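**Q** My questions will all concern the structure given below.
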Amino acid sequence: MTPGHPTSPRARRNRLLRVGLVLGAVGAVVAVAAVVVPLLLPPGPRPSFQLPVACGETWQLGTYPGHDDYDVDLFPTEGEAWGRPVLASDAGTVTEAGINGSLGGRTPDDPDGPRGRGGGYWVKIDHGGKWETQYLHLLEPPLVRVGQRVARGEQIGRVGSTGNSGAPHLHYEQHRGWQKVEAHFDGSPSGITHDDTEYTVTRTSNNCGPGAP
Ligand SMILES: [Zn+2]
């Protein structure tokens, strides 16, 4: 640039525009990478999930035609299902805590009340590494809120029959990435792998708190 020939306002404007465009493009690339890169990473190792019910309790795990592959319905083998504590299978961050579908009107006082739709009161927990768990048909609003960190074995709700539920029970799912997978508890597979027929297994909970193995 020759002294005495100051940059014209138009040239300055054009330079600012170019700088702005470059910064915008770099920002867009960074933003897209921040979204895309985590999607491309493979899922992490399976968390050490435990049964979502109290330590030492034995529950029946089952499914039936039309349920969905890998979906697990839990019923206690002893005592009432209503109001039993529902526990986080492992530590994580709550990503859903509210109403899925509609509640309906099935309560301990009116167990055959109007059926709701979907999951009713439900909770979803992100365990990191693309692993998540879901807990449906809870009796009351969840005891946790979105964004809250929970420990393994922490109570998140109580067993109910809200949503599309025939009888009080806990509907439970484990997801890896964007897919349901066979639920594992205490390091071993549940055996609930398809919904071609009705079948059940029984398991005893080793969800004995954050300090437990
Ligand atoms: Zn179910």
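Chain identifiers are assigned as A, B, and so on, following the order in which chains appear in the structure tokens; residues are numbered from 1 within each chain, and ligands are numbered from 1 in order of appearance.
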Find the spatial neighbours of Thr200 in chain A, counting only C-alpha atoms, within a cut-off of 7 Å - ignore same-chain residues fewer than 5 positions away - and output them as a count of residues only.

**A** 4

**Q** Going by DSSP on the backbone, which bits of range 4-180 of chain A are strand (DSSP E or B)? Write them as a ChimeraX atom specification, please.

**A** /A:58-63,72-76,85-87,92-102,107,110,117-128,131-138,149-150,155-160,169-176,179-180

**Q** Within 8 Å of ligand 1, counting only C-alpha atoms and all ligand atoms, which protein or nucleic acid residues do you find, written as a ChimeraX atom specification?

**A** /A:63,67,71-73,136,165,170-172

**Q** Smallest atom-to-atom distance to Phe49 in chain A: which of A:Ile99, A:Leu143, A:Ala81, A:Ala91, using only C-alpha atoms?

**A**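 Among the listed residues, A:Ala91 lies closest to Phe49 in chain A.
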
**Q** Based on DSSP run over this structure's backbone, return all residues of chain A in alpha helix (DSSP H), as a ChimeraX atom specification.

**A** /A:9-40

**Q** As an exercise, work out the distance from CA of Gly113 in chain A to CA of Asn100 in chain A in Å and give it to one decimal place.

**A**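 Pair CA of Gly113 in chain A / CA of Asn100 in chain A returns 18.1 Å.
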